[in-house]
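This is data22.tsv (TSV, C-alpha atoms and all ligand atoms).
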chain	number	residue	atom	x	y	z
A	896	MET	CA	0.00	0.00	0.00
A	897	PHE	CA	2.84	2.35	0.88
A	898	GLU	CA	4.01	4.51	-1.97
A	899	GLN	CA	5.19	8.08	-1.81
A	900	GLY	CA	2.43	10.56	-2.71
A	901	SER	CA	-0.06	7.80	-3.46
A	902	TRP	CA	-2.82	9.14	-1.18
A	903	CYS	CA	-4.77	12.37	-0.60
A	904	ALA	CA	-5.78	13.32	2.92
A	905	VAL	CA	-9.01	15.16	3.79
A	906	PRO	CA	-8.23	18.88	4.37
A	907	GLY	CA	-6.85	19.70	7.81
A	908	LEU	CA	-6.40	16.04	8.83
A	909	MET	CA	-4.61	15.56	12.15
A	910	ILE	CA	-3.04	12.22	13.00
A	911	ALA	CA	-1.61	11.49	16.45
A	912	ILE	CA	1.15	8.92	16.91
A	913	ASP	CA	2.24	8.29	20.51
A	914	GLY	CA	4.53	5.74	22.04
A	915	PRO	CA	7.65	5.17	24.13
A	916	SER	CA	11.24	6.00	23.10
A	917	GLY	CA	12.53	3.87	20.26
A	918	SER	CA	9.12	2.57	19.18
A	919	GLY	CA	9.76	3.90	15.66
A	920	LYS	CA	7.30	6.82	15.78
A	921	GLY	CA	9.61	9.19	13.91
A	922	THR	CA	10.36	6.81	11.02
A	923	VAL	CA	6.74	5.74	10.70
A	924	ALA	CA	5.47	9.35	10.88
A	925	ALA	CA	7.89	10.41	8.11
A	926	MET	CA	6.82	7.54	5.84
A	927	LEU	CA	3.13	8.12	6.49
A	928	ALA	CA	3.61	11.83	5.80
A	929	ALA	CA	5.30	11.05	2.47
A	930	ALA	CA	2.39	8.77	1.53
A	931	VAL	CA	-0.46	11.13	2.39
A	932	GLY	CA	1.20	14.54	1.83
A	933	LEU	CA	0.98	15.99	5.34
A	934	PRO	CA	3.75	17.71	7.33
A	935	VAL	CA	5.29	15.87	10.29
A	936	LEU	CA	5.70	17.54	13.66
A	937	ASP	CA	8.03	15.76	16.06
A	938	SER	CA	6.92	17.13	19.43
A	939	GLY	CA	9.87	15.43	21.16
A	940	LEU	CA	12.17	17.85	19.31
A	941	LEU	CA	10.54	20.77	21.13
A	942	TYR	CA	11.28	19.18	24.53
A	943	ARG	CA	14.78	18.34	23.31
A	944	LEU	CA	15.30	21.95	22.25
A	945	VAL	CA	14.33	23.21	25.71
A	946	GLY	CA	16.71	20.63	27.25
A	947	HIS	CA	19.51	21.66	24.88
A	948	VAL	CA	19.12	25.38	25.58
A	949	ALA	CA	19.03	24.68	29.34
A	950	LEU	CA	22.28	22.68	29.14
A	951	ALA	CA	23.94	25.27	26.88
A	952	ARG	CA	23.01	28.17	29.19
A	953	GLY	CA	23.61	26.33	32.46
A	954	ILE	CA	19.94	26.59	33.50
A	955	SER	CA	18.87	24.02	36.09
A	956	LEU	CA	16.61	21.31	34.61
A	957	GLN	CA	14.30	21.85	37.60
A	958	ASP	CA	14.01	25.64	37.27
A	959	GLU	CA	10.49	25.88	35.84
A	960	THR	CA	10.37	29.68	35.71
A	961	ALA	CA	13.68	30.05	33.87
A	962	LEU	CA	12.73	27.25	31.45
A	963	ALA	CA	9.35	28.86	30.76
A	964	ALA	CA	11.18	32.09	29.92
A	965	VAL	CA	13.38	30.12	27.50
A	966	ILE	CA	10.26	28.87	25.71
A	967	ASP	CA	8.90	32.42	25.41
A	968	THR	CA	11.91	33.47	23.36
A	969	LEU	CA	12.42	30.17	21.57
A	970	LEU	CA	10.25	30.87	18.54
A	971	SER	CA	12.24	33.93	17.54
A	972	GLU	CA	15.57	32.05	17.92
A	973	VAL	CA	14.66	28.87	16.09
A	974	ARG	CA	14.38	28.01	12.42
A	975	TRP	CA	13.02	24.66	11.19
A	976	ASP	CA	13.59	23.56	7.62
A	977	ALA	CA	14.53	20.53	5.54
A	978	ASP	CA	18.12	20.68	6.94
A	979	GLY	CA	16.85	20.33	10.51
A	980	VAL	CA	16.69	22.71	13.44
A	981	ALA	CA	18.85	25.82	13.74
A	982	TRP	CA	19.13	27.67	17.06
A	983	ASN	CA	20.62	31.18	16.84
A	984	GLY	CA	21.85	30.36	13.34
A	985	GLU	CA	23.63	27.13	14.30
A	986	ASN	CA	22.37	23.74	13.06
A	987	VAL	CA	21.78	21.77	16.28
A	988	THR	CA	19.93	18.75	14.81
A	989	ALA	CA	22.67	16.24	15.72
A	990	GLU	CA	23.01	17.61	19.28
A	991	LEU	CA	19.25	17.39	19.77
A	992	ARG	CA	19.36	13.68	18.93
A	993	SER	CA	22.08	12.90	21.51
A	994	GLU	CA	21.39	10.75	24.58
A	995	GLN	CA	22.45	13.61	26.86
A	996	VAL	CA	19.86	16.00	25.40
A	997	GLY	CA	17.24	13.19	25.37
A	998	ALA	CA	17.73	12.69	29.11
A	999	ALA	CA	17.51	16.46	29.73
A	1000	ALA	CA	14.33	16.60	27.59
A	1001	SER	CA	12.74	13.86	29.66
A	1002	GLN	CA	13.44	15.87	32.84
A	1003	VAL	CA	12.11	19.22	31.59
A	1004	ALA	CA	9.08	17.39	30.13
A	1005	ALA	CA	8.00	16.49	33.68
A	1006	LEU	CA	7.48	20.18	34.60
A	1007	PRO	CA	3.85	21.39	34.27
A	1008	LEU	CA	4.76	24.95	33.24
A	1009	VAL	CA	7.02	23.68	30.45
A	1010	ARG	CA	4.25	21.38	29.18
A	1011	GLU	CA	1.68	24.16	29.36
A	1012	LYS	CA	3.86	26.55	27.36
A	1013	LEU	CA	4.62	23.93	24.71
A	1014	LEU	CA	0.96	22.86	24.46
A	1015	GLY	CA	-0.22	26.10	22.78
A	1016	LEU	CA	2.81	26.05	20.51
A	1017	GLN	CA	2.14	22.47	19.37
A	1018	ARG	CA	-1.55	23.19	18.64
A	1019	GLU	CA	-0.56	26.26	16.67
A	1020	LEU	CA	1.96	24.24	14.63
A	1021	ALA	CA	-0.60	21.48	13.90
A	1022	LYS	CA	-3.21	23.89	12.53
A	1023	GLY	CA	-4.03	23.12	8.92
A	1024	GLY	CA	-3.30	19.41	9.25
A	1025	ALA	CA	-0.32	17.38	10.41
A	1026	ILE	CA	1.02	14.09	11.64
A	1027	MET	CA	2.26	14.74	15.14
A	1028	ASP	CA	4.28	12.26	17.15
A	1029	GLY	CA	5.04	12.28	20.86
A	1030	ARG	CA	3.79	10.96	24.19
A	1031	ASP	CA	0.56	12.89	24.90
A	1032	ILE	CA	-0.63	13.90	21.44
A	1033	GLY	CA	-3.76	11.71	21.42
A	1034	THR	CA	-4.56	12.33	25.08
A	1035	VAL	CA	-3.76	16.05	25.57
A	1036	VAL	CA	-2.43	17.97	22.56
A	1037	LEU	CA	-4.89	16.81	19.86
A	1038	PRO	CA	-7.65	14.96	21.78
A	1039	ASP	CA	-10.07	15.42	18.83
A	1040	ALA	CA	-7.74	13.97	16.18
A	1041	PRO	CA	-9.80	11.58	14.04
A	1042	ALA	CA	-6.95	9.06	13.90
A	1043	LYS	CA	-4.72	8.10	16.83
A	1044	PHE	CA	-2.11	5.39	16.97
A	1045	PHE	CA	-0.13	4.08	19.92
A	1046	LEU	CA	3.07	2.50	18.67
A	1047	THR	CA	5.05	0.24	20.91
A	1048	ALA	CA	7.65	-2.58	20.91
A	1049	SER	CA	9.42	-4.62	23.56
A	1050	VAL	CA	12.03	-2.72	25.58
A	1051	ARG	CA	14.80	-5.01	24.28
A	1052	GLU	CA	13.84	-4.42	20.65
A	1053	ARG	CA	13.56	-0.64	21.16
A	1054	ALA	CA	16.97	-0.61	22.83
A	1055	ARG	CA	18.44	-2.71	20.03
A	1056	ARG	CA	17.17	-0.22	17.43
A	1057	ARG	CA	18.58	2.74	19.35
A	1058	TRP	CA	21.87	0.93	19.96
A	1059	SER	CA	22.37	0.18	16.27
A	1060	GLN	CA	21.82	3.91	15.53
A	1061	LEU	CA	24.37	4.92	18.19
A	1062	LYS	CA	26.95	2.26	17.31
A	1063	GLY	CA	28.45	4.30	14.46
A	1064	GLN	CA	28.99	7.22	16.87
A	1065	GLY	CA	30.96	5.15	19.41
A	1066	GLY	CA	27.89	4.87	21.69
A	1067	SER	CA	27.20	2.70	24.75
A	1068	ASP	CA	26.81	-1.10	24.84
A	1069	LEU	CA	23.38	-2.71	24.47
A	1070	ASP	CA	22.84	-3.41	28.20
A	1071	THR	CA	23.51	0.25	29.05
A	1072	VAL	CA	21.03	1.36	26.39
A	1073	VAL	CA	18.41	-1.06	27.81
A	1074	ALA	CA	18.96	0.34	31.32
A	1075	GLU	CA	18.74	3.97	30.12
A	1076	LEU	CA	15.62	3.25	28.12
A	1077	LYS	CA	13.92	1.63	31.11
A	1078	MET	CA	14.71	4.71	33.20
A	1079	ARG	CA	13.32	7.03	30.51
A	1080	ASP	CA	10.18	4.87	30.13
A	1081	GLN	CA	9.59	5.02	33.84
A	1082	ARG	CA	10.03	8.80	34.03
A	1083	ASP	CA	7.77	9.41	30.99
A	1084	ALA	CA	5.04	7.04	32.21
A	1085	GLU	CA	5.05	7.92	35.89
A	1086	ARG	CA	5.22	11.71	35.75
A	1087	GLN	CA	2.18	13.47	37.15
A	1088	HIS	CA	1.46	15.72	34.18
A	1089	ALA	CA	0.47	14.27	30.79
A	1090	PRO	CA	2.28	10.94	31.25
A	1091	LEU	CA	2.83	8.55	28.37
A	1092	LYS	CA	-0.54	6.82	28.09
A	1093	GLN	CA	-2.55	5.23	25.32
A	1094	ALA	CA	-5.67	7.28	24.48
A	1095	VAL	CA	-8.85	5.19	24.85
A	1096	ASP	CA	-9.64	5.68	21.16
A	1097	ALA	CA	-6.08	5.00	19.92
A	1098	ILE	CA	-5.19	1.93	17.90
A	1099	MET	CA	-2.27	0.02	19.42
A	1100	ILE	CA	0.38	-1.37	17.09
A	1101	ASP	CA	3.14	-3.55	18.54
A	1102	SER	CA	6.03	-3.28	16.07
A	1103	THR	CA	8.39	-5.72	17.85
A	1104	THR	CA	8.33	-8.17	14.94
A	1105	MET	CA	7.02	-5.87	12.19
A	1106	ARG	CA	8.88	-4.06	9.42
A	1107	VAL	CA	8.31	-0.33	9.24
A	1108	ASP	CA	6.43	-0.56	5.91
A	1109	GLU	CA	4.06	-3.10	7.47
A	1110	VAL	CA	3.28	-0.65	10.28
A	1111	VAL	CA	2.66	2.15	7.77
A	1112	ASP	CA	0.41	-0.13	5.67
A	1113	ARG	CA	-1.67	-0.96	8.71
A	1114	MET	CA	-2.11	2.76	9.46
A	1115	LEU	CA	-3.01	3.55	5.84
A	1116	ALA	CA	-5.66	0.82	5.94
A	1117	VAL	CA	-7.24	2.37	9.05
A	1118	LEU	CA	-7.20	5.86	7.52
A	1119	GLN	CA	-8.74	4.58	4.29
A	1120	ARG	CA	-11.45	2.64	6.13
A	1121	ARG	CA	-12.38	5.79	8.05
A	1122	GLY	CA	-12.61	7.86	4.85
A	1123	LEU	CA	-9.71	10.10	5.96
A	1124	ILE	CA	-7.56	9.37	2.90
A	1125	ARG	CA	-8.30	8.32	-0.65
A	1126	ARG	CA	-6.12	7.16	-3.51
A	1127	ALA	CA	-4.58	10.02	-5.49
A	1128	THR	CA	-5.76	10.02	-9.09
B	1201	LIG	O1	10.51	11.29	21.43
B	1201	LIG	P1	11.80	11.87	22.02
B	1201	LIG	O2	12.76	10.85	22.55
B	1201	LIG	O3	12.45	12.82	21.05
B	1201	LIG	O4	11.33	12.76	23.28
B	1201	LIG	C1	12.23	13.37	24.15
B	1201	LIG	C2	11.60	13.52	25.53
B	1201	LIG	O5	10.53	14.45	25.46
B	1201	LIG	C3	11.01	12.21	26.06
B	1201	LIG	O6	11.77	11.71	27.14
B	1201	LIG	C4	9.64	12.57	26.55
B	1201	LIG	C5	9.42	13.99	26.19
B	1201	LIG	N1	8.20	14.18	25.39
B	1201	LIG	C6	7.03	14.41	26.05
B	1201	LIG	O7	7.01	14.40	27.28
B	1201	LIG	N2	5.89	14.67	25.35
B	1201	LIG	C7	5.89	14.66	24.01
B	1201	LIG	N3	4.75	14.90	23.35
B	1201	LIG	C8	7.09	14.37	23.31
B	1201	LIG	C9	8.23	14.13	24.03

Would you give me this structure, written as structure tokens?
Ligand code: DC
Amino acid sequence: MFEQGSWCAVPGLMIAIDGPSGSGKGTVAAMLAAAVGLPVLDSGLLYRLVGHVALARGISLQDETALAAVIDTLLSEVRWDADGVAWNGENVTAELRSEQVGAAASQVAALPLVREKLLGLQRELAKGGAIMDGRDIGTVVLPDAPAKFFLTASVRERARRRWSQLKGQGGSDLDTVVAELKMRDQRDAERQHAPLKQAVDAIMIDSTTMRVDEVVDRMLAVLQRRGLIRRAT
């Protein structure tokens, strides 16, 4: 079913894809976006950006007020384009993907004021239609999205995927990645505000033994059945 540009989405369609770290949300969202012609918004990147700026400026990851002030100025300092994310003119895409920034993102994401500030921003960005991936998109950010998916995979498989990405950069061994992932899962699922949780109306897809194109095909089938996409003529 998957083929680039082979589908048309109804105007303004919003699709939520949530799931834990390493479940493949980003890859799947990008492929789905290419198939149906919608932009992708990776909400994790926003939390990562806040974490990155905090680390770069020496702001405590618990200082809600200072972090909220960072978010207020963020939009004027950031540019997003096909090359990635630039902060104050410097391309920081690779830094944002690092384990260190991921861990910082997970900490700032637990703060209610940070989440509140980023909520309005995410809704603004999704206006006009988008595929948005994250942890609370189906439950909090876009609760009225007509299509919601919850993507998951076993912790070992998610760690293996992350580890093979990091290997080329001299990253940690597999057991360390498993341990770090478990810690991140726990923090994301147990935090008080907007924890990682499957929306009641989300469709769960366990990708442990699935190829990415199989996951995308399953999503396309759901969207087609619901009349949210049709074949491009
Ligand atoms: O998906 P990711 O690894 O890029 O996300 C980085 C961190 O941001 C992750 O630990 C949880 C947090 N996050 C969140 O709390 N809510 C979102 N919608 C997206 C990410």

Contacts of Ser918 of chain A within 9 Å, all atoms listed in the file, excl. fewer than 2 positions in-chain, as number ranges by chain: A: 914-916, 920-921, 1046-1050, 1052-1053, 1056, 1101-1103

Write out as a PDB file with C-alpha atoms, in the coordinates of the input which residues come within 12 Å of segment 962-965 of chain A when counting only C-alpha atoms, dropping same-chain ones fewer than 4 positions away.
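Done, and the output landed in out.pdb:
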ATOM      1  CA  LEU A 941      10.540  20.770  21.130  1.00  0.00           C
ATOM      2  CA  TYR A 942      11.280  19.180  24.530  1.00  0.00           C
ATOM      3  CA  LEU A 944      15.300  21.950  22.250  1.00  0.00           C
ATOM      4  CA  VAL A 945      14.330  23.210  25.710  1.00  0.00           C
ATOM      5  CA  GLY A 946      16.710  20.630  27.250  1.00  0.00           C
ATOM      6  CA  HIS A 947      19.510  21.660  24.880  1.00  0.00           C
ATOM      7  CA  VAL A 948      19.120  25.380  25.580  1.00  0.00           C
ATOM      8  CA  ALA A 949      19.030  24.680  29.340  1.00  0.00           C
ATOM      9  CA  LEU A 950      22.280  22.680  29.140  1.00  0.00           C
ATOM     10  CA  ALA A 951      23.940  25.270  26.880  1.00  0.00           C
ATOM     11  CA  ARG A 952      23.010  28.170  29.190  1.00  0.00           C
ATOM     12  CA  GLY A 953      23.610  26.330  32.460  1.00  0.00           C
ATOM     13  CA  ILE A 954      19.940  26.590  33.500  1.00  0.00           C
ATOM     14  CA  SER A 955      18.870  24.020  36.090  1.00  0.00           C
ATOM     15  CA  LEU A 956      16.610  21.310  34.610  1.00  0.00           C
ATOM     16  CA  GLN A 957      14.300  21.850  37.600  1.00  0.00           C
ATOM     17  CA  ASP A 958      14.010  25.640  37.270  1.00  0.00           C
ATOM     18  CA  LEU A 969      12.420  30.170  21.570  1.00  0.00           C
ATOM     19  CA  LEU A 970      10.250  30.870  18.540  1.00  0.00           C
ATOM     20  CA  SER A 971      12.240  33.930  17.540  1.00  0.00           C
ATOM     21  CA  GLU A 972      15.570  32.050  17.920  1.00  0.00           C
ATOM     22  CA  VAL A 973      14.660  28.870  16.090  1.00  0.00           C
ATOM     23  CA  ALA A 999      17.510  16.460  29.730  1.00  0.00           C
ATOM     24  CA  ALA A1000      14.330  16.600  27.590  1.00  0.00           C
ATOM     25  CA  GLN A1002      13.440  15.870  32.840  1.00  0.00           C
ATOM     26  CA  VAL A1003      12.110  19.220  31.590  1.00  0.00           C
ATOM     27  CA  ALA A1004       9.080  17.390  30.130  1.00  0.00           C
ATOM     28  CA  ALA A1005       8.000  16.490  33.680  1.00  0.00           C
ATOM     29  CA  LEU A1006       7.480  20.180  34.600  1.00  0.00           C
ATOM     30  CA  PRO A1007       3.850  21.390  34.270  1.00  0.00           C
ATOM     31  CA  LEU A1008       4.760  24.950  33.240  1.00  0.00           C
ATOM     32  CA  VAL A1009       7.020  23.680  30.450  1.00  0.00           C
ATOM     33  CA  ARG A1010       4.250  21.380  29.180  1.00  0.00           C
ATOM     34  CA  GLU A1011       1.680  24.160  29.360  1.00  0.00           C
ATOM     35  CA  LYS A1012       3.860  26.550  27.360  1.00  0.00           C
ATOM     36  CA  LEU A1013       4.620  23.930  24.710  1.00  0.00           C
TER      37      LEU A1013
END

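In terms of minimum interatomic distance to Ala1089 of chain A, A:Arg1030 ranks closest within A:Arg1057, A:Arg992, A:Arg974, A:Arg1030, counting all atoms listed in the file.
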
Non-local contacts of segment 930-937 of chain A (7 Å; all atoms listed in the file; under 5 positions in same chain excluded) as a PyMOL selection string: chain A and resi 897-904+924-925+1024-1029

Point-to-point distance in Å for atom CA of Val1110 of chain A and atom C3 of ligand LIG 1201 (chain B):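 Interatomic distance, atom C3 of ligand LIG 1201 (chain B) to atom CA of Val1110 of chain A: 21.8 Å.
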
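Between atom O5 of ligand LIG 1201 (chain B) and atom CA of Glu994 of chain A lies a distance of 11.5 Å.
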
Distance in Å - atom CA of Gly917 of chain A versus atom CA of Asn983 of chain A: 28.7 Å

Which residue of A:Met1099, A:Ala929, A:Leu1118, A:Val996 approaches ligand LIG 1201 (chain B) most closely, using all atoms listed in the file: A:Val996

Neighbours of point (-0.1, 5.9, 17.4) within 7 Å, using all atoms listed in the file, written as a ChimeraX atom specification: /A:911-914,1043-1046,1097-1099

For the residues in the current selection, export C-alpha atoms as a PDB file, in the coordinates of the input.
ATOM      1  CA  ALA A 911      -1.610  11.490  16.450  1.00  0.00           C
ATOM      2  CA  ILE A 912       1.150   8.920  16.910  1.00  0.00           C
ATOM      3  CA  ASP A 913       2.240   8.290  20.510  1.00  0.00           C
ATOM      4  CA  GLY A 914       4.530   5.740  22.040  1.00  0.00           C
ATOM      5  CA  LYS A1043      -4.720   8.100  16.830  1.00  0.00           C
ATOM      6  CA  PHE A1044      -2.110   5.390  16.970  1.00  0.00           C
ATOM      7  CA  PHE A1045      -0.130   4.080  19.920  1.00  0.00           C
ATOM      8  CA  LEU A1046       3.070   2.500  18.670  1.00  0.00           C
ATOM      9  CA  ALA A1097      -6.080   5.000  19.920  1.00  0.00           C
ATOM     10  CA  ILE A1098      -5.190   1.930  17.900  1.00  0.00           C
ATOM     11  CA  MET A1099      -2.270   0.020  19.420  1.00  0.00           C
TER      12      MET A1099
END

Exercise: Val1036 of chain A partners within 7 Å, all atoms listed in the file, chain neighbours under 3 positions left out, as a ChimeraX atom specification: /A:1014,1018,1031-1033

Skip Gly1023 of chain A itself and residues of its chain fewer than 3 positions away, then list as an mmCIF file with C-alpha atoms, keeping the file's coordinate frame all residues within 10 Å of it, counting only C-alpha atoms.
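So the final result, stored in selection.cif, reads:
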data_model
loop_
_atom_site.group_PDB
_atom_site.id
_atom_site.type_symbol
_atom_site.label_atom_id
_atom_site.label_comp_id
_atom_site.auth_asym_id
_atom_site.auth_seq_id
_atom_site.Cartn_x
_atom_site.Cartn_y
_atom_site.Cartn_z
ATOM 1 C CA PRO A 906 -8.230 18.880 4.370
ATOM 2 C CA GLY A 907 -6.850 19.700 7.810
ATOM 3 C CA LEU A 908 -6.400 16.040 8.830
ATOM 4 C CA MET A 909 -4.610 15.560 12.150
ATOM 5 C CA LEU A 933 0.980 15.990 5.340
ATOM 6 C CA PRO A 934 3.750 17.710 7.330
ATOM 7 C CA GLU A 1019 -0.560 26.260 16.670
ATOM 8 C CA LEU A 1020 1.960 24.240 14.630
#

From A:Arg1082, A:Glu990, A:Arg1055, A:Val923, residue lying nearest ligand LIG 1201 (chain B) [all atoms listed in the file]: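 Selected residue with least distance to ligand LIG 1201 (chain B): A:Arg1082.
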
Exercise: residues within 6 Å of coordinate (-5.9, 8.7, 10.2), counting only C-alpha atoms, as a ChimeraX atom specification: /A:910,1042,1118,1123

Can I get the selected residues back with C-alpha atoms, as a PDB file, keeping the file's coordinate frame?
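Printed below is again14.pdb as written:
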ATOM      1  CA  ILE A 910      -3.040  12.220  13.000  1.00  0.00           C
ATOM      2  CA  ALA A1042      -6.950   9.060  13.900  1.00  0.00           C
ATOM      3  CA  LEU A1118      -7.200   5.860   7.520  1.00  0.00           C
ATOM      4  CA  LEU A1123      -9.710  10.100   5.960  1.00  0.00           C
TER       5      LEU A1123
END

Among listed residues A:Asp978, A:Asp967, A:Asp1108, A:Asp1039, nearest Thr922 of chain A (using all atoms listed in the file):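 Smallest separation from Thr922 of chain A among the options: A:Asp1108.
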
Mind filling out segment 1038-1060 of chain A with N, CA and C atoms and sending it as a PDB file, in the coordinates of the input?
ATOM      1  N   PRO A1038      -6.705  16.002  21.323  1.00  0.00           N
ATOM      2  CA  PRO A1038      -7.650  14.960  21.780  1.00  0.00           C
ATOM      3  C   PRO A1038      -8.755  14.682  20.755  1.00  0.00           C
ATOM      4  N   ASP A1039      -9.008  15.631  19.815  1.00  0.00           N
ATOM      5  CA  ASP A1039     -10.070  15.420  18.830  1.00  0.00           C
ATOM      6  C   ASP A1039      -9.551  14.880  17.500  1.00  0.00           C
ATOM      7  N   ALA A1040      -8.290  14.511  17.444  1.00  0.00           N
ATOM      8  CA  ALA A1040      -7.740  13.970  16.180  1.00  0.00           C
ATOM      9  C   ALA A1040      -8.564  12.760  15.756  1.00  0.00           C
ATOM     10  N   PRO A1041      -8.955  12.694  14.483  1.00  0.00           N
ATOM     11  CA  PRO A1041      -9.800  11.580  14.040  1.00  0.00           C
ATOM     12  C   PRO A1041      -9.046  10.263  13.860  1.00  0.00           C
ATOM     13  N   ALA A1042      -7.722  10.306  13.966  1.00  0.00           N
ATOM     14  CA  ALA A1042      -6.950   9.060  13.900  1.00  0.00           C
ATOM     15  C   ALA A1042      -5.811   9.129  14.899  1.00  0.00           C
ATOM     16  N   LYS A1043      -5.771   8.153  15.793  1.00  0.00           N
ATOM     17  CA  LYS A1043      -4.720   8.100  16.830  1.00  0.00           C
ATOM     18  C   LYS A1043      -4.117   6.709  16.844  1.00  0.00           C
ATOM     19  N   PHE A1044      -2.798   6.681  16.898  1.00  0.00           N
ATOM     20  CA  PHE A1044      -2.110   5.390  16.970  1.00  0.00           C
ATOM     21  C   PHE A1044      -1.192   5.392  18.181  1.00  0.00           C
ATOM     22  N   PHE A1045      -1.082   4.243  18.814  1.00  0.00           N
ATOM     23  CA  PHE A1045      -0.130   4.080  19.920  1.00  0.00           C
ATOM     24  C   PHE A1045       0.828   2.985  19.486  1.00  0.00           C
ATOM     25  N   LEU A1046       2.063   3.422  19.208  1.00  0.00           N
ATOM     26  CA  LEU A1046       3.070   2.500  18.670  1.00  0.00           C
ATOM     27  C   LEU A1046       3.978   2.031  19.785  1.00  0.00           C
ATOM     28  N   THR A1047       4.162   0.730  19.866  1.00  0.00           N
ATOM     29  CA  THR A1047       5.050   0.240  20.910  1.00  0.00           C
ATOM     30  C   THR A1047       5.898  -0.928  20.385  1.00  0.00           C
ATOM     31  N   ALA A1048       6.827  -1.398  21.218  1.00  0.00           N
ATOM     32  CA  ALA A1048       7.650  -2.580  20.910  1.00  0.00           C
ATOM     33  C   ALA A1048       8.297  -2.977  22.231  1.00  0.00           C
ATOM     34  N   SER A1049       8.806  -4.177  22.301  1.00  0.00           N
ATOM     35  CA  SER A1049       9.420  -4.620  23.560  1.00  0.00           C
ATOM     36  C   SER A1049      10.618  -3.728  23.885  1.00  0.00           C
ATOM     37  N   VAL A1050      10.933  -3.611  25.176  1.00  0.00           N
ATOM     38  CA  VAL A1050      12.030  -2.720  25.580  1.00  0.00           C
ATOM     39  C   VAL A1050      13.353  -3.171  24.957  1.00  0.00           C
ATOM     40  N   ARG A1051      13.556  -4.482  24.859  1.00  0.00           N
ATOM     41  CA  ARG A1051      14.800  -5.010  24.280  1.00  0.00           C
ATOM     42  C   ARG A1051      14.920  -4.618  22.812  1.00  0.00           C
ATOM     43  N   GLU A1052      13.821  -4.756  22.077  1.00  0.00           N
ATOM     44  CA  GLU A1052      13.840  -4.420  20.650  1.00  0.00           C
ATOM     45  C   GLU A1052      14.037  -2.907  20.451  1.00  0.00           C
ATOM     46  N   ARG A1053      13.390  -2.099  21.281  1.00  0.00           N
ATOM     47  CA  ARG A1053      13.560  -0.640  21.160  1.00  0.00           C
ATOM     48  C   ARG A1053      15.007  -0.254  21.461  1.00  0.00           C
ATOM     49  N   ALA A1054      15.576  -0.900  22.475  1.00  0.00           N
ATOM     50  CA  ALA A1054      16.970  -0.610  22.830  1.00  0.00           C
ATOM     51  C   ALA A1054      17.900  -1.059  21.715  1.00  0.00           C
ATOM     52  N   ARG A1055      17.600  -2.209  21.116  1.00  0.00           N
ATOM     53  CA  ARG A1055      18.440  -2.710  20.030  1.00  0.00           C
ATOM     54  C   ARG A1055      18.443  -1.724  18.851  1.00  0.00           C
ATOM     55  N   ARG A1056      17.258  -1.187  18.538  1.00  0.00           N
ATOM     56  CA  ARG A1056      17.170  -0.220  17.430  1.00  0.00           C
ATOM     57  C   ARG A1056      18.001   1.027  17.737  1.00  0.00           C
ATOM     58  N   ARG A1057      17.847   1.537  18.972  1.00  0.00           N
ATOM     59  CA  ARG A1057      18.580   2.740  19.350  1.00  0.00           C
ATOM     60  C   ARG A1057      20.087   2.471  19.345  1.00  0.00           C
ATOM     61  N   TRP A1058      20.454   1.313  19.864  1.00  0.00           N
ATOM     62  CA  TRP A1058      21.870   0.930  19.960  1.00  0.00           C
ATOM     63  C   TRP A1058      22.500   0.850  18.578  1.00  0.00           C
ATOM     64  N   SER A1059      21.765   0.277  17.606  1.00  0.00           N
ATOM     65  CA  SER A1059      22.370   0.180  16.270  1.00  0.00           C
ATOM     66  C   SER A1059      22.511   1.557  15.635  1.00  0.00           C
ATOM     67  N   GLN A1060      21.651   2.524  16.027  1.00  0.00           N
ATOM     68  CA  GLN A1060      21.820   3.910  15.530  1.00  0.00           C
ATOM     69  C   GLN A1060      23.062   4.543  16.156  1.00  0.00           C
TER      70      GLN A1060
END
